[in-house]
Structure formats: structure tokens, C-alpha cells
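Scroll down for the structure; my scribbles are underneath it.
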Amino acid sequence: MYSNSILERFKNPEYAGGLRGANGVGKAGSDECGDIVKIYISVDDEGIITNAKFKAYGGVSTIVACDIACYLIINMTLEEALSLTADDIMAKLENDIPANKSYSAVLAEEAVTNAVEDYYKKKEKEDRLKNA
């Protein structure tokens with residue numbers, strides 16, 4: 001069902017875990033499949049994502065899709081990260097996961113978008129407090 005490269009990434013995800021001091025956290029979940037993911041991002045002063053990690057409750061495809069999403073967004077600007085799509089994640093996976101598991105890439109995309117939006121909300125609040 002899964003290729004050796006997918007199974008290897010599942011067994012040894014590079015970006016799994018929390019991220020202390022994350023500037024943004026995005027959550028996504030699906031009632032359909034029961035998978036839940038969180039993606040954490042650290043952003044520098046220029047708006048570049050310097051680190052990303054994930055925590056996920058899900059199967060092989062969800063773990064791997066989140067790991068790939070984190071890999072892809074590191075060194076991206078926030079705007080570039082907002083442009084990341086499930087298709088981009090699937091392409092990086094070389095479509096090595098079954099089509100019926102493509103929802104995993106959608107969850108990863110949603111979590112990235114939510115993490116960036118969370119960063120912007122926190123930044124806006126911080127700026128308001130500085131200018132008060």
C-alpha cells in the first residue's frame with residue numbers, strides 16, 4: 001500500500017514534536033477520518049519561517065503529510081506558506097499515498113494556513129499593546 005520511502009518517513013519523521021516558543025500554532029482535524037494535526041511555526045523578524053514542527057493523531061499518510069508540510073515551509077515567507085496547497089504536498093510525496101488518503105495533505109495545508117493566521121493575530125495583538 002505504501003512505498004518504502006513513505007514508510008521510512010513515517011517511522012522517522014524529521015519534524016515531529018512540539019516547538020517551544022512557537023510564534024504560531026495551527027490546528028486542523030477531520031470528523032470524517034478522526035485525524036487531528038497541529039503545526040507549530042517559528043518566524044523571524046523578516047517574516048521567514050525558521051522552524052516548523054507538528055503533532056498528529058492519525059495514520060501513516062497524516063504523519064507523512066505533516067512532516068512534508070513542515071519541510072516545505074521552512075525558509076518560506078509567511079505569504080509563501082499561505083500559498084502552499086495540498087497538491088504541493090502530494091507532489092512532494094510523489095503521489096505515493098493512496099488517493100483515498102489525500103485528505104491528509106488537506107489537513108496539513110489547513111494546519112499551515114491556521115498557523116500563519118495565528119501568527120498574524122498574535123503579532124497584531126502585540127503591536128496594539130506596544131502602541132497603546
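Identifiers for the C-alpha cells are assigned positionally: chains receive A, B, ... in sequence, residues are indexed from 1 per chain, and ligands are indexed from 1 in the order shown.
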
Open item on the list: If you run DSSP on the backbone here, which positions in chain A get strand (DSSP E)? Please write them as a PyMOL selection string.
Closed with: chain A and resi 24-29+36-43+49-57

Taking only C-alpha atoms into account, produce a table as a Markdown table in which each residue of region 19-94 of chain A with an atom at most 9 Å from an atom of region 104-118 of chain A appears once, together with its shortest atom pair and the distance in Å to one decimal, ordered by chain and rising number.
```
| residue | atom | partner | partner_atom | distance |
| --- | --- | --- | --- | --- |
| A:Asn23 | CA | A:Asp118 | CA | 8.0 |
| A:Gly24 | CA | A:Ala115 | CA | 4.8 |
| A:Val25 | CA | A:Ala115 | CA | 4.3 |
| A:Gly26 | CA | A:Ala115 | CA | 3.6 |
| A:Lys27 | CA | A:Ala111 | CA | 4.9 |
| A:Ala28 | CA | A:Ala111 | CA | 5.1 |
| A:Gly29 | CA | A:Leu107 | CA | 6.5 |
| A:Ser30 | CA | A:Leu107 | CA | 7.6 |
| A:Asp35 | CA | A:Ser104 | CA | 8.2 |
| A:Ile36 | CA | A:Leu107 | CA | 8.0 |
| A:Val37 | CA | A:Ala111 | CA | 6.9 |
| A:Lys38 | CA | A:Ala111 | CA | 6.1 |
| A:Ile39 | CA | A:Ala111 | CA | 5.7 |
| A:Tyr40 | CA | A:Ala115 | CA | 6.5 |
| A:Ile41 | CA | A:Ala115 | CA | 6.7 |
| A:Gly58 | CA | A:Ser104 | CA | 8.8 |
| A:Gly59 | CA | A:Ser104 | CA | 8.9 |
| A:Ser61 | CA | A:Ser104 | CA | 5.9 |
| A:Thr62 | CA | A:Ser104 | CA | 4.6 |
| A:Ile63 | CA | A:Ser104 | CA | 8.2 |
| A:Val64 | CA | A:Ser104 | CA | 8.5 |
| A:Ala65 | CA | A:Ala105 | CA | 5.3 |
| A:Cys66 | CA | A:Ala108 | CA | 5.2 |
| A:Asp67 | CA | A:Ala108 | CA | 8.8 |
| A:Ile68 | CA | A:Ala108 | CA | 8.8 |
| A:Ala69 | CA | A:Ala108 | CA | 6.3 |
| A:Cys70 | CA | A:Val112 | CA | 8.2 |
| A:Ile73 | CA | A:Val112 | CA | 8.4 |
| A:Leu78 | CA | A:Val116 | CA | 6.4 |
| A:Glu79 | CA | A:Val116 | CA | 8.5 |
| A:Ala81 | CA | A:Val112 | CA | 7.1 |
| A:Leu82 | CA | A:Thr113 | CA | 5.5 |
| A:Ser83 | CA | A:Thr113 | CA | 8.5 |
| A:Leu84 | CA | A:Glu109 | CA | 6.6 |
| A:Thr85 | CA | A:Glu109 | CA | 5.8 |
| A:Ala86 | CA | A:Ala105 | CA | 4.8 |
| A:Asp87 | CA | A:Ala105 | CA | 7.5 |
| A:Asp88 | CA | A:Ala105 | CA | 8.7 |
| A:Ile89 | CA | A:Ala105 | CA | 6.0 |
| A:Met90 | CA | A:Ala105 | CA | 6.5 |
```

- [ ] Enter the distance from CA of Leu72 (chain A) to CA of Glu14 (chain A), in Å, rounded to one decimal.
- [x] 12.1 Å

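Of the listed residues (A:Ala91, A:Ala132, A:Val60, A:Ile48), A:Ile48 comes nearest to Asn75 (chain A); the distances count only C-alpha atoms.
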
Task: Computed interatomic separation between CA of Phe10 (chain A) and CA of Ser102 (chain A) (Å) - done: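 A separation of 15.5 Å between them.
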
TODO: Quick one: pick out all alpha helix (DSSP H) residues within region 10-123 of chain A from a backbone DSSP run and write them as a ChimeraX atom specification.
DONE: /A:10-11,60-73,78-82,86-92,103-123

Task: Option closest in space to Ser3 (chain A), from A:Ala99, A:Leu93, A:Leu19, A:Leu129 [counting only C-alpha atoms] - done: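 Of the candidates, the smallest distance to Ser3 (chain A) is held by A:Leu93.
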
Task: Atom-to-atom span, CA of Lys122 (chain A) and CA of Gly17 (chain A), Å - done: 21.6 Å

Open item on the list: I'd like to know which of A:Ala22, A:Thr77, A:Glu94, A:Tyr15 is closest to Ala56 (chain A), using only C-alpha atoms.
Closed with: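 Of A:Ala22, A:Thr77, A:Glu94, A:Tyr15, the one nearest Ala56 (chain A) is A:Tyr15, counting only C-alpha atoms.
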